[in-house]
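One structure below.
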There are 2 protein chains.
Amino acid sequence: MLAVLRLGHRVERDKRLTSHVALVARAFGADKMYYTGDKDQNVELTVMKVCKRWGGSFETEYIGSWRKLLEAWKGSVVHLTMYGLPLKSVIYEIRRVHAENKKLLVVVGGEKVEPEVYHLADYNVSVTNQPHSEAAALAVFLDWLFQGAELERTFPDAEIHIVPSAKGKIVQRRSRLIQT
Amino acid sequence: MLAVLRLGHRVERDKRLTSHVALVARAFGADKMYYTGDKDQNVELTVMKVCKRWGGSFETEYIGSWRKLLEAWKGSVVHLTMYGLPLKSVIYEIRRVHAENKKLLVVVGGEKVEPEVYHLADYNVSVTNQPHSEAAALAVFLDWLFQGAELERTFPDAEIHIVPSAKGKIVQRRSRLIQT
């Protein structure tokens, strides 16, 4: 079980960013995204539609309190923050811990992250110490965690899948092949 | 010279996403981001402010025609698209080409990418064949290209930099250390 917790979603400002975080979580091997802040039907619908079309059983769940989730979590908590320890210096330990105890929660901000999150996390990890994007940080972290294996992941029950192509688009829909 | 081209920016819809693409480009080792679509002072200002504060000489430039840039580009063009060839199957060749001819342009969409882009690109590369995020795809691509070396990059003339920390935030401002 690998879950992502996205902190402090705001409907107007973060609409597409939070959807991107969820889609990255799904594409790079997480099972679920929890989020706090504003509850947002649109984000949940977007992700649900992607799952229906592209397969898999990824879930999104709004929760009222990150504190409760972090305190109750029976597993490791990794908080991605540009203030944290460099990815390379901790990833070997996190891989080991994840192999032993399969439950891992990866936390991403939010505009303003409460100091308590830094203390409740087992690891505060930086994917560069520069400001950039929570979706990017999550993708790079999961890619290092799974050592690239997640890039070949397939999703069961997809209505549609892509046949990789050097030029153009080849899409396979359940029974027929569409080339454009 | 490594540049990113972001296609089809729309002021309202993509404001923060395009800033994230630019910040990822900067943090992961690109020198510049070109963009097409709507010219957007806010994106340019956001990136300029980050550069002033966090150092380096990353630039953003609006261009009217992606076609002209692609046709005139003296170097390789990589287009990141979920329809492309798997990252792992082409990254060795792209690294080699990049080592020989230092000029590389990495193109990211845009809602709707013209078929011509697929044909003008030397490589159409997929970072998973699933829908997720252009910022994430760019980060993972650059991380593979530079084999993690970009994670240790430093930026000259920064007003501020982070001292990595296991808990909390430590920020160094030119001459003094601030710990919270």
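In the structure tokens, chains take letters A, B, ... by order of appearance, with residues numbered from 1 within each chain and ligands from 1 in the order shown.
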Chain B residues within 7 Å of chain A, counting only C-alpha atoms: which ones, as a PyMOL selection string? chain B and resi 20+23-24+27+83-86+115+118-119+123-124+127-133+135-136+139-140+151-152+162+164-170
What's the 6 Å shell around range 56-65 of chain B, counting only C-alpha atoms, without same-chain residues fewer than 6 positions away, as a compact mmCIF listing (two decimals) with C-alpha atoms, in the first residue's frame?
# COMPACT_ATOMS: atom_id res chain seq x y z
CA ASP B 31 18.87 27.11 -19.39
CA LYS B 32 15.72 28.53 -20.87
CA MET B 33 12.03 28.04 -21.52
CA TYR B 34 10.35 29.20 -24.70
CA TYR B 35 6.58 29.18 -24.75
CA THR B 36 3.79 29.64 -27.28
CA PHE B 155 22.82 28.28 -8.57
CA PRO B 156 25.20 31.25 -8.58
If DSSP is run on the backbone, what residues of range 2-163 of chain B are strand (DSSP E or B)? A reply as number ranges by chain would be ideal. B: 2-9, 32-37, 59-62, 76-86, 104-108, 123-126, 160-162
Can you write just those residues out, N, CA and C atoms, as a compact mmCIF listing (two decimals), in the first residue's frame?
# COMPACT_ATOMS: atom_id res chain seq x y z
N LEU B 2 20.49 23.72 -23.11
CA LEU B 2 19.31 22.87 -23.06
C LEU B 2 18.10 23.77 -22.84
N ALA B 3 17.18 23.74 -23.78
CA ALA B 3 16.00 24.59 -23.66
C ALA B 3 14.74 23.74 -23.65
N VAL B 4 13.70 24.31 -23.07
CA VAL B 4 12.38 23.66 -23.05
C VAL B 4 11.43 24.53 -23.86
N LEU B 5 10.56 23.89 -24.62
CA LEU B 5 9.50 24.62 -25.31
C LEU B 5 8.16 24.14 -24.77
N ARG B 6 7.40 25.08 -24.20
CA ARG B 6 6.08 24.74 -23.69
C ARG B 6 5.05 25.24 -24.70
N LEU B 7 4.26 24.31 -25.21
CA LEU B 7 3.31 24.66 -26.27
C LEU B 7 1.96 25.09 -25.71
N GLY B 8 1.35 26.06 -26.39
CA GLY B 8 -0.07 26.36 -26.19
C GLY B 8 -0.48 26.83 -24.81
N HIS B 9 0.30 27.74 -24.21
CA HIS B 9 -0.07 28.26 -22.90
C HIS B 9 -1.35 29.11 -22.99
N LYS B 32 16.70 27.59 -20.33
CA LYS B 32 15.72 28.53 -20.87
C LYS B 32 14.41 27.84 -21.16
N MET B 33 13.31 28.56 -21.04
CA MET B 33 12.03 28.04 -21.52
C MET B 33 11.43 28.99 -22.54
N TYR B 34 11.17 28.49 -23.73
CA TYR B 34 10.35 29.20 -24.70
C TYR B 34 8.91 28.78 -24.46
N TYR B 35 7.95 29.65 -24.79
CA TYR B 35 6.58 29.18 -24.75
C TYR B 35 5.75 29.83 -25.85
N THR B 36 4.71 29.12 -26.27
CA THR B 36 3.79 29.64 -27.28
C THR B 36 2.38 29.68 -26.68
N GLY B 37 1.45 30.20 -27.44
CA GLY B 37 0.07 30.32 -26.94
C GLY B 37 -0.17 31.77 -26.58
N GLU B 59 16.10 31.77 -18.29
CA GLU B 59 15.29 32.77 -19.00
C GLU B 59 13.98 32.19 -19.52
N THR B 60 13.01 33.08 -19.69
CA THR B 60 11.74 32.69 -20.29
C THR B 60 11.50 33.58 -21.51
N GLU B 61 11.10 32.98 -22.61
CA GLU B 61 10.85 33.81 -23.80
C GLU B 61 9.60 33.36 -24.53
N TYR B 62 8.70 34.30 -24.76
CA TYR B 62 7.51 34.01 -25.56
C TYR B 62 7.88 34.03 -27.03
N SER B 76 19.20 18.71 -31.32
CA SER B 76 18.17 17.67 -31.28
C SER B 76 16.90 18.20 -30.65
N VAL B 77 15.79 17.61 -31.06
CA VAL B 77 14.49 17.95 -30.50
C VAL B 77 13.84 16.70 -29.93
N VAL B 78 13.53 16.76 -28.63
CA VAL B 78 12.84 15.65 -27.96
C VAL B 78 11.44 16.15 -27.61
N HIS B 79 10.43 15.44 -28.03
CA HIS B 79 9.05 15.80 -27.70
C HIS B 79 8.53 14.79 -26.67
N LEU B 80 8.17 15.29 -25.50
CA LEU B 80 7.62 14.40 -24.47
C LEU B 80 6.12 14.24 -24.68
N THR B 81 5.71 13.02 -24.92
CA THR B 81 4.30 12.74 -25.19
C THR B 81 3.98 11.33 -24.74
N MET B 82 2.81 11.13 -24.20
CA MET B 82 2.49 9.78 -23.72
C MET B 82 2.34 8.78 -24.87
N TYR B 83 2.31 9.28 -26.12
CA TYR B 83 2.22 8.38 -27.27
C TYR B 83 3.59 7.91 -27.77
N GLY B 84 4.65 8.48 -27.21
CA GLY B 84 5.99 8.24 -27.74
C GLY B 84 6.62 6.93 -27.28
N LEU B 85 7.88 6.75 -27.66
CA LEU B 85 8.63 5.55 -27.29
C LEU B 85 9.03 5.63 -25.82
N PRO B 86 9.05 4.49 -25.14
CA PRO B 86 9.37 4.50 -23.71
C PRO B 86 10.74 5.15 -23.43
N LEU B 104 20.01 20.92 -27.10
CA LEU B 104 18.85 20.03 -27.00
C LEU B 104 17.61 20.86 -26.65
N LEU B 105 16.53 20.59 -27.37
CA LEU B 105 15.26 21.26 -27.10
C LEU B 105 14.25 20.20 -26.67
N VAL B 106 13.65 20.39 -25.50
CA VAL B 106 12.66 19.44 -25.00
C VAL B 106 11.28 20.10 -25.08
N VAL B 107 10.39 19.50 -25.86
CA VAL B 107 9.07 20.08 -26.11
C VAL B 107 8.02 19.40 -25.23
N VAL B 108 7.20 20.20 -24.55
CA VAL B 108 6.06 19.63 -23.82
C VAL B 108 4.77 20.34 -24.23
N TYR B 123 12.89 12.83 -31.53
CA TYR B 123 12.45 11.74 -30.65
C TYR B 123 11.12 12.10 -30.01
N ASN B 124 10.15 11.21 -30.13
CA ASN B 124 8.92 11.34 -29.35
C ASN B 124 9.03 10.34 -28.21
N VAL B 125 9.06 10.86 -26.99
CA VAL B 125 9.41 10.05 -25.83
C VAL B 125 8.27 10.05 -24.81
N SER B 126 7.93 8.88 -24.31
CA SER B 126 6.88 8.79 -23.28
C SER B 126 7.48 8.50 -21.91
N ILE B 160 19.32 33.52 -1.44
CA ILE B 160 18.83 32.63 -0.40
C ILE B 160 19.18 31.21 -0.81
N HIS B 161 19.61 30.40 0.15
CA HIS B 161 19.62 28.97 -0.15
C HIS B 161 19.30 28.14 1.07
N ILE B 162 18.91 26.90 0.80
CA ILE B 162 18.43 26.01 1.86
C ILE B 162 19.56 25.12 2.34
